[in-house]
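K.L.:
Next up, structure.cif (mmCIF, C-alpha atoms).
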data_entry
#
loop_
_atom_site.label_atom_id
_atom_site.label_comp_id
_atom_site.auth_asym_id
_atom_site.auth_seq_id
_atom_site.Cartn_x
_atom_site.Cartn_y
_atom_site.Cartn_z
CA MET A 1 5.12 19.28 -29.75
CA THR A 2 3.70 17.90 -33.00
CA ALA A 3 0.53 15.81 -33.01
CA ASP A 4 2.46 12.72 -34.14
CA LEU A 5 5.00 13.07 -31.33
CA SER A 6 2.25 13.69 -28.79
CA GLU A 7 0.49 10.52 -29.92
CA PHE A 8 3.74 8.57 -29.63
CA HIS A 9 4.31 9.89 -26.10
CA ASP A 10 0.78 8.83 -25.14
CA GLU A 11 1.45 5.33 -26.45
CA LEU A 12 4.80 5.22 -24.64
CA ARG A 13 3.14 6.40 -21.42
CA ALA A 14 0.46 3.71 -21.65
CA SER A 15 3.03 1.02 -22.41
CA ALA A 16 5.24 2.11 -19.51
CA SER A 17 2.28 2.18 -17.13
CA GLY A 18 1.30 -1.35 -18.08
CA LEU A 19 4.81 -2.73 -17.77
CA LEU A 20 5.44 -1.05 -14.40
CA ALA A 21 2.17 -2.44 -13.07
CA ARG A 22 3.69 -5.91 -13.57
CA ARG A 23 6.77 -4.95 -11.49
CA ALA A 24 9.21 -5.12 -14.39
CA ASP A 25 12.81 -6.11 -13.66
CA TRP A 26 15.88 -4.71 -15.41
CA ARG A 27 15.75 -7.29 -18.18
CA ALA A 28 12.16 -6.32 -19.00
CA VAL A 29 13.07 -2.63 -18.94
CA ALA A 30 15.90 -3.18 -21.44
CA ALA A 31 13.72 -5.42 -23.62
CA ALA A 32 11.12 -2.65 -23.78
CA GLY A 33 13.77 -0.36 -25.28
CA TRP A 34 13.68 2.22 -22.50
CA THR A 35 17.46 2.21 -22.07
CA GLY A 36 17.95 3.31 -25.67
CA LEU A 37 15.22 5.90 -26.10
CA GLU A 38 17.64 8.80 -26.66
CA VAL A 39 20.66 6.78 -27.78
CA PRO A 40 21.62 7.16 -31.47
CA ALA A 41 20.55 4.35 -33.79
CA ALA A 42 24.21 3.58 -34.52
CA PHE A 43 24.48 2.15 -31.00
CA GLY A 44 21.21 0.23 -31.11
CA GLY A 45 19.04 3.00 -29.69
CA ALA A 46 15.85 4.64 -30.87
CA GLY A 47 17.49 7.95 -31.71
CA GLY A 48 15.01 9.99 -29.71
CA THR A 49 15.52 12.76 -27.19
CA PHE A 50 15.38 13.27 -23.44
CA ALA A 51 11.66 14.00 -23.88
CA GLU A 52 11.00 10.30 -24.49
CA ALA A 53 13.03 9.24 -21.45
CA ALA A 54 11.15 11.85 -19.42
CA VAL A 55 7.84 10.15 -20.24
CA VAL A 56 9.11 6.92 -18.68
CA LEU A 57 10.66 8.75 -15.71
CA ARG A 58 7.29 10.35 -14.99
CA GLU A 59 5.53 6.98 -15.10
CA ILE A 60 8.14 5.48 -12.79
CA GLY A 61 7.31 8.21 -10.30
CA ARG A 62 3.59 7.60 -10.77
CA ALA A 63 4.13 3.93 -9.88
CA ALA A 64 6.74 4.70 -7.18
CA ALA A 65 8.74 1.96 -8.88
CA PRO A 66 12.17 0.89 -7.64
CA GLY A 67 15.14 0.14 -9.89
CA PRO A 68 18.12 1.91 -11.44
CA TYR A 69 16.45 3.17 -14.62
CA PRO A 70 16.40 6.85 -13.55
CA SER A 71 20.13 6.74 -12.77
CA VAL A 72 20.97 4.99 -16.03
CA ALA A 73 18.67 7.00 -18.30
CA ALA A 74 19.17 10.46 -16.84
CA LEU A 75 22.77 10.32 -15.65
CA ALA A 76 24.70 7.49 -17.31
CA ILE A 77 23.19 7.91 -20.78
CA GLY A 78 23.47 11.67 -20.39
CA ALA A 79 27.12 11.43 -19.36
CA LEU A 80 28.00 9.10 -22.24
CA GLY A 81 26.38 11.49 -24.68
CA LEU A 82 28.54 14.34 -23.39
CA LEU A 83 31.81 12.41 -23.79
CA ARG A 84 34.05 12.40 -26.81
CA PRO A 85 33.37 9.42 -29.10
CA GLY A 86 35.71 6.45 -28.86
CA PRO A 87 35.67 2.63 -28.86
CA ALA A 88 35.28 2.36 -25.08
CA ARG A 89 32.48 4.93 -24.85
CA ASP A 90 30.68 3.53 -27.88
CA GLY A 91 30.94 -0.01 -26.52
CA LEU A 92 29.40 1.01 -23.20
CA PHE A 93 26.61 2.77 -25.09
CA ARG A 94 25.76 -0.49 -26.86
CA GLU A 95 25.99 -2.58 -23.70
CA THR A 96 23.70 -0.18 -21.83
CA VAL A 97 21.08 -0.24 -24.58
CA ALA A 98 21.19 -4.04 -24.64
CA GLY A 99 20.82 -4.18 -20.87
CA THR A 100 24.04 -6.13 -20.38
CA ALA A 101 25.62 -3.21 -18.50
CA VAL A 102 24.12 -1.13 -15.68
CA PRO A 103 26.24 2.01 -15.41
CA VAL A 104 25.63 4.73 -12.84
CA VAL A 105 27.38 8.04 -12.32
CA ALA A 106 29.20 8.58 -9.02
CA MET A 107 27.62 12.00 -8.57
CA ASP A 108 26.77 12.91 -5.02
CA ALA A 109 22.99 13.20 -4.79
CA ASP A 110 23.25 15.97 -2.21
CA GLY A 111 24.08 18.24 -5.11
CA ILE A 112 27.23 19.64 -3.51
CA ALA A 113 30.16 17.46 -4.57
CA GLY A 114 31.15 17.51 -8.23
CA ALA A 115 34.17 16.34 -10.18
CA GLU A 116 36.43 17.71 -7.43
CA ALA A 117 35.31 14.82 -5.18
CA PHE A 118 37.53 12.43 -7.19
CA ARG A 119 41.00 12.90 -8.62
CA VAL A 120 43.15 10.98 -11.06
CA ALA A 121 46.87 11.13 -10.32
CA ASP A 122 49.98 9.31 -11.47
CA GLY A 123 50.75 6.26 -9.38
CA PRO A 124 54.03 5.68 -7.55
CA ARG A 125 57.07 4.63 -9.58
CA GLY A 126 55.28 4.97 -12.88
CA GLY A 127 52.62 2.43 -11.92
CA GLY A 128 49.95 4.11 -14.02
CA PRO A 129 47.16 6.51 -13.06
CA ARG A 130 45.22 5.97 -9.83
CA LEU A 131 41.78 7.18 -8.79
CA ASP A 132 41.08 8.54 -5.31
CA GLY A 133 38.06 10.18 -3.70
CA SER A 134 34.57 9.51 -2.44
CA ALA A 135 30.93 10.48 -2.92
CA GLY A 136 28.64 10.09 0.06
CA PHE A 137 25.23 9.57 -1.53
CA VAL A 138 25.23 7.99 -4.99
CA LEU A 139 21.87 6.95 -6.37
CA ASP A 140 21.60 3.22 -7.24
CA ALA A 141 25.27 2.57 -6.52
CA ALA A 142 24.54 -0.95 -5.28
CA ALA A 143 22.82 -1.91 -8.55
CA ALA A 144 25.72 -0.85 -10.78
CA ASP A 145 28.27 -3.05 -12.48
CA ARG A 146 30.02 -0.06 -14.06
CA VAL A 147 30.56 3.31 -12.43
CA LEU A 148 31.26 6.51 -14.38
CA VAL A 149 33.27 8.65 -11.99
CA PRO A 150 33.46 12.42 -12.63
CA ALA A 151 36.98 13.44 -11.63
CA LEU A 152 39.77 15.95 -12.15
CA ASP A 153 42.88 14.83 -14.01
CA PRO A 154 46.42 15.90 -12.98
CA ASP A 155 46.00 19.09 -15.04
CA GLY A 156 42.77 20.01 -13.25
CA ARG A 157 40.52 19.21 -16.21
CA ALA A 158 37.14 17.53 -15.72
CA VAL A 159 37.10 13.94 -16.97
CA VAL A 160 35.02 10.80 -16.50
CA VAL A 161 36.67 7.55 -15.44
CA ASP A 162 34.98 4.25 -16.31
CA VAL A 163 35.54 1.88 -13.37
CA ALA A 164 34.18 -1.58 -12.63
CA ALA A 165 31.93 -1.43 -9.59
CA ALA A 166 33.85 -4.34 -8.07
CA ASP A 167 37.01 -2.18 -7.92
CA LEU A 168 35.31 0.46 -5.77
CA GLY A 169 34.14 0.48 -2.18
CA ILE A 170 30.33 0.70 -2.18
CA GLU A 171 28.52 0.97 1.13
CA ASP A 172 24.73 1.08 1.42
CA ARG A 173 23.31 4.21 3.01
CA PRO A 174 19.97 3.54 4.74
CA VAL A 175 17.21 5.96 3.77
CA LEU A 176 13.57 6.26 4.79
CA ASP A 177 12.35 5.76 1.22
CA ALA A 178 12.32 2.00 0.66
CA THR A 179 11.89 2.41 -3.12
CA ARG A 180 15.30 4.02 -3.53
CA SER A 181 18.89 2.91 -3.00
CA LEU A 182 21.79 5.20 -2.09
CA GLY A 183 25.39 4.24 -1.46
CA ARG A 184 28.73 5.71 -0.52
CA VAL A 185 31.28 5.18 -3.28
CA THR A 186 34.97 5.25 -2.37
CA ALA A 187 38.06 4.96 -4.56
CA ASP A 188 41.31 4.38 -2.67
CA GLY A 189 44.15 4.27 -5.18
CA VAL A 190 42.11 2.31 -7.74
CA ALA A 191 44.16 1.47 -10.82
CA VAL A 192 42.73 3.11 -13.94
CA ARG A 193 42.60 0.88 -17.02
CA PRO A 194 44.05 2.13 -20.31
CA GLY A 195 41.40 3.99 -22.26
CA ALA A 196 39.14 4.36 -19.22
CA VAL A 197 39.62 8.11 -18.86
CA HIS A 198 37.17 10.01 -21.07
CA ARG A 199 37.09 13.71 -21.84
CA TYR A 200 34.00 15.81 -22.32
CA ARG A 201 33.20 17.14 -25.78
CA VAL A 202 31.56 20.32 -24.42
CA PRO A 203 33.00 22.68 -21.78
CA ASP A 204 29.90 22.92 -19.58
CA ALA A 205 29.21 19.17 -19.48
CA PRO A 206 29.32 18.81 -15.65
CA ARG A 207 26.70 21.53 -15.26
CA ARG A 208 24.51 19.94 -17.94
CA LEU A 209 24.71 16.62 -16.17
CA ARG A 210 23.64 18.14 -12.84
CA ASP A 211 20.73 19.87 -14.58
CA ARG A 212 19.61 16.59 -16.17
CA ALA A 213 19.69 14.91 -12.76
CA ALA A 214 17.53 17.69 -11.31
CA VAL A 215 15.00 17.46 -14.14
CA ALA A 216 14.83 13.67 -13.86
CA VAL A 217 13.92 13.95 -10.18
CA ALA A 218 11.36 16.63 -11.05
CA CYS A 219 9.77 14.22 -13.57
CA ASP A 220 9.56 11.57 -10.86
CA SER A 221 8.00 14.02 -8.42
CA LEU A 222 5.46 15.13 -11.01
CA GLY A 223 4.42 11.54 -11.66
CA LEU A 224 3.96 10.71 -7.99
CA ALA A 225 2.04 13.95 -7.39
CA GLU A 226 -0.31 13.07 -10.26
CA ALA A 227 -0.81 9.60 -8.79
CA MET A 228 -1.65 11.06 -5.38
CA LEU A 229 -4.12 13.54 -6.87
CA ASP A 230 -5.90 10.78 -8.81
CA ALA A 231 -6.00 8.47 -5.78
CA THR A 232 -7.36 11.21 -3.53
CA VAL A 233 -10.11 12.27 -5.93
CA ALA A 234 -11.13 8.64 -6.37
CA HIS A 235 -11.16 8.10 -2.60
CA ALA A 236 -13.20 11.25 -2.00
CA GLY A 237 -15.82 9.98 -4.42
CA VAL A 238 -16.45 6.71 -2.58
CA ARG A 239 -15.65 7.44 1.07
CA CYS A 240 -18.85 8.49 2.82
CA GLN A 241 -19.41 10.46 6.00
CA PHE A 242 -22.76 11.70 7.32
CA GLY A 243 -24.52 9.84 4.53
CA ARG A 244 -22.70 11.36 1.55
CA PRO A 245 -19.29 11.18 -0.18
CA ILE A 246 -16.64 13.34 1.46
CA GLY A 247 -15.91 14.80 -1.98
CA SER A 248 -19.12 16.75 -1.69
CA PHE A 249 -17.79 18.71 1.30
CA GLN A 250 -16.52 22.16 0.45
CA ALA A 251 -13.29 21.82 2.45
CA VAL A 252 -12.38 18.62 0.58
CA LYS A 253 -13.23 20.24 -2.77
CA HIS A 254 -10.94 23.16 -1.99
CA ALA A 255 -8.12 20.84 -0.90
CA CYS A 256 -8.36 18.80 -4.10
CA ALA A 257 -8.50 21.99 -6.17
CA ASP A 258 -5.32 23.22 -4.49
CA MET A 259 -3.65 19.90 -5.28
CA LEU A 260 -4.71 20.19 -8.93
CA VAL A 261 -3.27 23.70 -9.20
CA ARG A 262 0.07 22.55 -7.77
CA VAL A 263 0.21 19.58 -10.14
CA SER A 264 -0.77 21.68 -13.16
CA VAL A 265 1.94 24.28 -12.54
CA ALA A 266 4.52 21.55 -11.92
CA ARG A 267 3.51 19.88 -15.20
CA GLU A 268 4.19 23.06 -17.18
CA LEU A 269 7.53 23.74 -15.50
CA VAL A 270 8.72 20.16 -15.99
CA ALA A 271 7.68 20.21 -19.64
CA ALA A 272 9.69 23.40 -20.18
CA ALA A 273 12.74 21.92 -18.46
CA VAL A 274 12.59 18.73 -20.52
CA ALA A 275 12.27 20.70 -23.75
CA ALA A 276 15.27 22.88 -22.81
CA ASP A 277 17.62 19.94 -22.19
CA GLY A 278 21.09 20.94 -23.35
CA GLY A 279 19.93 24.38 -24.49
CA PRO A 280 20.84 27.88 -23.31
CA ASP A 281 17.90 28.01 -20.88
CA ALA A 282 18.47 24.54 -19.42
CA ALA A 283 19.96 25.71 -16.12
CA VAL A 284 17.11 28.13 -15.41
CA THR A 285 14.28 25.80 -16.39
CA ALA A 286 15.87 22.91 -14.48
CA ALA A 287 16.10 25.01 -11.31
CA MET A 288 12.49 26.14 -11.68
CA ALA A 289 11.16 22.63 -12.29
CA LYS A 290 13.20 21.00 -9.54
CA SER A 291 12.41 23.58 -6.88
CA TYR A 292 8.68 23.75 -7.61
CA ALA A 293 7.78 20.17 -8.60
CA CYS A 294 9.62 18.53 -5.72
CA ALA A 295 8.19 20.89 -3.11
CA ALA A 296 4.72 20.51 -4.62
CA ALA A 297 4.95 16.70 -4.55
CA VAL A 298 5.59 16.72 -0.80
CA GLU A 299 2.59 18.99 -0.24
CA VAL A 300 0.31 16.95 -2.53
CA ALA A 301 1.32 13.63 -0.97
CA GLY A 302 0.89 15.08 2.52
CA LYS A 303 -2.56 16.39 1.64
CA ALA A 304 -3.43 13.00 0.13
CA MET A 305 -2.53 11.30 3.41
CA GLN A 306 -4.67 13.77 5.33
CA LEU A 307 -7.71 13.34 3.07
CA HIS A 308 -7.43 9.55 3.20
CA GLY A 309 -7.92 9.82 6.96
CA GLY A 310 -6.63 7.02 9.16
CA MET A 311 -6.43 4.75 6.11
CA GLY A 312 -3.74 6.99 4.67
CA TYR A 313 -1.33 5.85 7.37
CA THR A 314 -1.77 2.16 6.59
CA TRP A 315 0.20 -0.11 4.26
CA GLU A 316 -3.07 -0.86 2.47
CA SER A 317 -3.34 2.65 1.02
CA GLY A 318 0.32 2.98 0.05
CA VAL A 319 0.16 6.78 0.44
CA HIS A 320 3.09 6.71 2.86
CA VAL A 321 5.29 5.18 0.14
CA TYR A 322 4.70 8.21 -2.07
CA LEU A 323 5.17 10.68 0.76
CA LYS A 324 8.55 9.17 1.68
CA ARG A 325 9.65 9.14 -1.96
CA ALA A 326 8.54 12.76 -2.41
CA ALA A 327 10.47 13.78 0.70
CA LEU A 328 13.66 12.16 -0.60
CA ASN A 329 13.17 13.65 -4.07
CA ARG A 330 13.00 17.09 -2.52
CA SER A 331 16.60 16.79 -1.32
CA LEU A 332 18.13 14.84 -4.24
CA PHE A 333 20.46 16.88 -6.48
CA GLY A 334 19.75 20.16 -4.76
CA THR A 335 17.01 21.24 -2.39
CA PRO A 336 14.31 23.70 -3.54
CA ALA A 337 16.05 26.41 -1.50
CA ARG A 338 19.36 25.79 -3.26
CA HIS A 339 17.77 25.93 -6.71
CA ARG A 340 15.85 29.08 -5.83
CA ALA A 341 19.17 30.58 -4.73
CA ARG A 342 20.60 29.77 -8.18
CA LEU A 343 17.69 31.61 -9.78
CA ALA A 344 18.08 34.56 -7.42
CA GLU A 345 21.79 34.86 -8.27
CA ARG A 346 20.98 34.91 -11.98
CA TYR A 347 18.40 37.65 -11.66
CA ALA A 348 20.63 39.61 -9.30
CA ARG A 349 23.37 39.62 -11.94
CA ALA A 350 20.87 40.69 -14.59
#
Could I get this structure in the form of structure tokens?
P.N.:
Amino acid sequence: MTADLSEFHDELRASASGLLARRADWRAVAAAGWTGLEVPAAFGGAGGTFAEAAVVLREIGRAAAPGPYPSVAALAIGALGLLRPGPARDGLFRETVAGTAVPVVAMDADGIAGAEAFRVADGPRGGGPRLDGSAGFVLDAAAADRVLVPALDPDGRAVVVDVAAADLGIEDRPVLDATRSLGRVTADGVAVRPGAVHRYRVPDAPRRLRDRAAVAVACDSLGLAEAMLDATVAHAGVRCQFGRPIGSFQAVKHACADMLVRVSVARELVAAAVAADGGPDAAVTAAMAKSYACAAAVEVAGKAMQLHGGMGYTWESGVHVYLKRAALNRSLFGTPARHRARLAERYARA
């Protein structure tokens, strides 16, 4: 990374931290330009890369902030960028950057179901194409006004269908993490509008999209792990037992050092995965970052709760919010075990 780009990322990180501290809504997020960070300038974006979006995703994790930005930035923007250009796709790009549209991708967050979960078929008596299928756990489904549905067309090719959220069945799925929203998305013979079926411009687009989702969650987990490390070190410096700060005790020092090591390794793996976005090593680096960073975040948040003592279990500390978010992140878009299995298969073939 060049010095100029590093300086810009630092400024973006500081700006994002300040805005998130004020509990920014979707309008404020769009006004800040976050929705267009990696969108080409021709569509009103900043013309950057996924690295800029990753800076914001990390700060969102650090603040444990709610809202659909991760779904829009990582999945919807990523999906639109992988589609063939056309008036409908380009128009949705512009609307998303402006904040007038909130598209999400109907990708099952359990990491199992793909395009085969939905199918486009010809309707009865020449009534036009119809969309059928369901995805059980779609991130931020309830916040969407447009849904990009990965599906298979009648010829078995992977496509993306642009559907109004009002035309789909969306059912909230309760989860322990109160900062996140998941929903079941169902299409039961939904009529497909002319021009709403989009084809990918690259053959491995579905895999790229799943890798982006995994890296986005890894960015979030890294941010929340960093927040928990900082909060724990600060707490250990002021909380006193036996007449001195608990941070002076060897056991606490060792625990904080272990947390730092986990965060530092996660930081390097996430940085590598972000840099590899769309490249030949993207699948490997995404699996490494997702499996390690998400598992590390659960351990760091759990250790933070332990070192905060009884206070860590209270609403006042907020540690439990991070622990619940870390636990959900660990299972979103593939568990650590599943991603490690992907890596093992690759090395077995080699």
K.L.:
Stretch 48-51 of chain A: which residues within 8 Å, counting all atoms listed in the file, same-chain residues fewer than 4 positions away excluded, as a VMD selection string?
P.N.:
chain A and resid 37 to 40 55 274 to 275 277
K.L.:
For the file shown, report as a PyMOL selection string the outcome of the PyMOL selection byres ((chain A and resi 303-305) around 10) at residue level.
P.N.:
chain A and resi 225+227-233+235+255-256+258-259+297-302+306-314+317-320+322-323
K.L.:
Using atom CA of A:Ala286 and atom CA of A:Leu82 as the two end points, give the distance in Å to one decimal.
P.N.:
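Atom-to-atom, atom CA of A:Ala286 and atom CA of A:Leu82 are spaced 17.7 Å apart.
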K.L.:
Give me, as a PDB file with C-alpha atoms, in the coordinates of the input, all polymer residues having an atom no more than 12 Å from A:Ala296, counting only C-alpha atoms and skipping those fewer than 2 positions away in the same chain.
P.N.:
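Below you can see out_26.pdb, which holds the result:
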ATOM      1  CA  ALA A 218      11.360  16.630 -11.050  1.00  0.00           C
ATOM      2  CA  ASP A 220       9.560  11.570 -10.860  1.00  0.00           C
ATOM      3  CA  SER A 221       8.000  14.020  -8.420  1.00  0.00           C
ATOM      4  CA  LEU A 222       5.460  15.130 -11.010  1.00  0.00           C
ATOM      5  CA  GLY A 223       4.420  11.540 -11.660  1.00  0.00           C
ATOM      6  CA  LEU A 224       3.960  10.710  -7.990  1.00  0.00           C
ATOM      7  CA  ALA A 225       2.040  13.950  -7.390  1.00  0.00           C
ATOM      8  CA  GLU A 226      -0.310  13.070 -10.260  1.00  0.00           C
ATOM      9  CA  MET A 228      -1.650  11.060  -5.380  1.00  0.00           C
ATOM     10  CA  LEU A 229      -4.120  13.540  -6.870  1.00  0.00           C
ATOM     11  CA  ASP A 258      -5.320  23.220  -4.490  1.00  0.00           C
ATOM     12  CA  MET A 259      -3.650  19.900  -5.280  1.00  0.00           C
ATOM     13  CA  LEU A 260      -4.710  20.190  -8.930  1.00  0.00           C
ATOM     14  CA  VAL A 261      -3.270  23.700  -9.200  1.00  0.00           C
ATOM     15  CA  ARG A 262       0.070  22.550  -7.770  1.00  0.00           C
ATOM     16  CA  VAL A 263       0.210  19.580 -10.140  1.00  0.00           C
ATOM     17  CA  SER A 264      -0.770  21.680 -13.160  1.00  0.00           C
ATOM     18  CA  VAL A 265       1.940  24.280 -12.540  1.00  0.00           C
ATOM     19  CA  ALA A 266       4.520  21.550 -11.920  1.00  0.00           C
ATOM     20  CA  ARG A 267       3.510  19.880 -15.200  1.00  0.00           C
ATOM     21  CA  LEU A 269       7.530  23.740 -15.500  1.00  0.00           C
ATOM     22  CA  MET A 288      12.490  26.140 -11.680  1.00  0.00           C
ATOM     23  CA  ALA A 289      11.160  22.630 -12.290  1.00  0.00           C
ATOM     24  CA  LYS A 290      13.200  21.000  -9.540  1.00  0.00           C
ATOM     25  CA  SER A 291      12.410  23.580  -6.880  1.00  0.00           C
ATOM     26  CA  TYR A 292       8.680  23.750  -7.610  1.00  0.00           C
ATOM     27  CA  ALA A 293       7.780  20.170  -8.600  1.00  0.00           C
ATOM     28  CA  CYS A 294       9.620  18.530  -5.720  1.00  0.00           C
ATOM     29  CA  VAL A 298       5.590  16.720  -0.800  1.00  0.00           C
ATOM     30  CA  GLU A 299       2.590  18.990  -0.240  1.00  0.00           C
ATOM     31  CA  VAL A 300       0.310  16.950  -2.530  1.00  0.00           C
ATOM     32  CA  ALA A 301       1.320  13.630  -0.970  1.00  0.00           C
ATOM     33  CA  GLY A 302       0.890  15.080   2.520  1.00  0.00           C
ATOM     34  CA  LYS A 303      -2.560  16.390   1.640  1.00  0.00           C
ATOM     35  CA  LEU A 323       5.170  10.680   0.760  1.00  0.00           C
ATOM     36  CA  ALA A 326       8.540  12.760  -2.410  1.00  0.00           C
ATOM     37  CA  ALA A 327      10.470  13.780   0.700  1.00  0.00           C
ATOM     38  CA  ASN A 329      13.170  13.650  -4.070  1.00  0.00           C
ATOM     39  CA  ARG A 330      13.000  17.090  -2.520  1.00  0.00           C
ATOM     40  CA  PRO A 336      14.310  23.700  -3.540  1.00  0.00           C
TER      41      PRO A 336
END
K.L.:
Suppose a student applies the PyMOL selection byres ((chain A and resi 124-140) around 8) to this structure; what residues should they get, written as a VMD selection string?
P.N.:
chain A and resid 67 to 68 71 104 to 110 113 117 to 123 141 to 144 173 180 to 192
K.L.:
Would you write out, as number ranges by chain, every residue that the PyMOL selection byres ((chain A and resi 16-19) around 12) captures in this file?
P.N.:
A: 9-15, 20-34, 52-65, 223, 227
K.L.:
Skipping near chain neighbours, those fewer than 6 positions away, what residues fall within 10 Å of A:Val160 using only C-alpha atoms, listed as a list in words?
P.N.:
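These residues fall inside the cut-off: Ala79, Leu80, Leu83, Val105, Ala106, Ala115, Phe118, Val120, Val147, Leu148, Val149, Pro150, Ala151, Leu152, Asp153, Ala196, Val197, His198, Arg199, Tyr200 and Pro206 of chain A.
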K.L.:
Mind pulling up the distance from atom CA of A:Ala165 to atom CA of A:Thr35?
P.N.:
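Those two atoms sit 19.5 Å apart.
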K.L.:
How many Å separate atom CA of A:Asp145 from atom CA of A:Arg89?
P.N.:
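Value for the atom CA of A:Asp145-atom CA of A:Arg89 distance: 15.3 Å.
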K.L.:
Out of A:Val270, A:Val284, A:Ala98, A:Leu332, which residue has the shortest atom-to-atom distance to A:Cys219 when counting all atoms listed in the file?
P.N.:
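Closest to A:Cys219 of all the choices is A:Val270.
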K.L.:
Using all atoms listed in the file, pick whichever of A:Arg94, A:Gly81, A:Val215, A:Val161 has the shortest atom-to-atom distance to A:Pro194.
P.N.:
A:Val161
K.L.:
I need the residue nearest A:Ala271 from this list: A:Gly195, A:Ala216, A:Leu168, A:Arg146. Use only C-alpha atoms for the distance.
P.N.:
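Going through A:Gly195, A:Ala216, A:Leu168, A:Arg146 one by one, the smallest distance to A:Ala271 is for A:Ala216.
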K.L.:
Could you give me stretch 189-205 of chain A completed to N, CA and C atoms, formatted as a PDB file, in the frame of the given file?
P.N.:
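Result written to rebuild_18.pdb:
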ATOM      1  N   GLY A 189      43.030   4.682  -4.345  1.00  0.00           N
ATOM      2  CA  GLY A 189      44.150   4.270  -5.180  1.00  0.00           C
ATOM      3  C   GLY A 189      43.779   3.207  -6.202  1.00  0.00           C
ATOM      4  N   VAL A 190      42.571   3.301  -6.759  1.00  0.00           N
ATOM      5  CA  VAL A 190      42.110   2.310  -7.740  1.00  0.00           C
ATOM      6  C   VAL A 190      42.875   2.506  -9.055  1.00  0.00           C
ATOM      7  N   ALA A 191      43.429   1.418  -9.560  1.00  0.00           N
ATOM      8  CA  ALA A 191      44.160   1.470 -10.820  1.00  0.00           C
ATOM      9  C   ALA A 191      43.192   1.769 -11.968  1.00  0.00           C
ATOM     10  N   VAL A 192      43.569   2.711 -12.820  1.00  0.00           N
ATOM     11  CA  VAL A 192      42.730   3.110 -13.940  1.00  0.00           C
ATOM     12  C   VAL A 192      43.175   2.355 -15.191  1.00  0.00           C
ATOM     13  N   ARG A 193      42.270   1.649 -15.828  1.00  0.00           N
ATOM     14  CA  ARG A 193      42.600   0.880 -17.020  1.00  0.00           C
ATOM     15  C   ARG A 193      42.940   1.798 -18.186  1.00  0.00           C
ATOM     16  N   PRO A 194      43.773   1.338 -19.108  1.00  0.00           N
ATOM     17  CA  PRO A 194      44.050   2.130 -20.310  1.00  0.00           C
ATOM     18  C   PRO A 194      42.761   2.396 -21.085  1.00  0.00           C
ATOM     19  N   GLY A 195      42.582   3.620 -21.500  1.00  0.00           N
ATOM     20  CA  GLY A 195      41.400   3.990 -22.260  1.00  0.00           C
ATOM     21  C   GLY A 195      40.161   4.231 -21.417  1.00  0.00           C
ATOM     22  N   ALA A 196      40.303   4.190 -20.089  1.00  0.00           N
ATOM     23  CA  ALA A 196      39.140   4.360 -19.220  1.00  0.00           C
ATOM     24  C   ALA A 196      38.886   5.804 -18.826  1.00  0.00           C
ATOM     25  N   VAL A 197      39.802   6.698 -19.180  1.00  0.00           N
ATOM     26  CA  VAL A 197      39.620   8.110 -18.860  1.00  0.00           C
ATOM     27  C   VAL A 197      39.048   8.815 -20.096  1.00  0.00           C
ATOM     28  N   HIS A 198      37.872   9.385 -19.954  1.00  0.00           N
ATOM     29  CA  HIS A 198      37.170  10.010 -21.070  1.00  0.00           C
ATOM     30  C   HIS A 198      37.072  11.522 -20.847  1.00  0.00           C
ATOM     31  N   ARG A 199      37.201  12.259 -21.917  1.00  0.00           N
ATOM     32  CA  ARG A 199      37.090  13.710 -21.840  1.00  0.00           C
ATOM     33  C   ARG A 199      35.745  14.162 -22.408  1.00  0.00           C
ATOM     34  N   TYR A 200      35.265  15.262 -21.844  1.00  0.00           N
ATOM     35  CA  TYR A 200      34.000  15.810 -22.320  1.00  0.00           C
ATOM     36  C   TYR A 200      34.201  16.484 -23.675  1.00  0.00           C
ATOM     37  N   ARG A 201      33.139  16.474 -24.474  1.00  0.00           N
ATOM     38  CA  ARG A 201      33.200  17.140 -25.780  1.00  0.00           C
ATOM     39  C   ARG A 201      32.653  18.562 -25.731  1.00  0.00           C
ATOM     40  N   VAL A 202      32.058  18.956 -24.592  1.00  0.00           N
ATOM     41  CA  VAL A 202      31.560  20.320 -24.420  1.00  0.00           C
ATOM     42  C   VAL A 202      32.080  20.858 -23.091  1.00  0.00           C
ATOM     43  N   PRO A 203      32.371  22.148 -23.004  1.00  0.00           N
ATOM     44  CA  PRO A 203      33.000  22.680 -21.780  1.00  0.00           C
ATOM     45  C   PRO A 203      32.103  22.693 -20.553  1.00  0.00           C
ATOM     46  N   ASP A 204      30.789  22.825 -20.736  1.00  0.00           N
ATOM     47  CA  ASP A 204      29.900  22.920 -19.580  1.00  0.00           C
ATOM     48  C   ASP A 204      29.203  21.599 -19.274  1.00  0.00           C
ATOM     49  N   ALA A 205      29.826  20.485 -19.654  1.00  0.00           N
ATOM     50  CA  ALA A 205      29.210  19.170 -19.480  1.00  0.00           C
ATOM     51  C   ALA A 205      28.842  18.852 -18.028  1.00  0.00           C
TER      52      ALA A 205
END
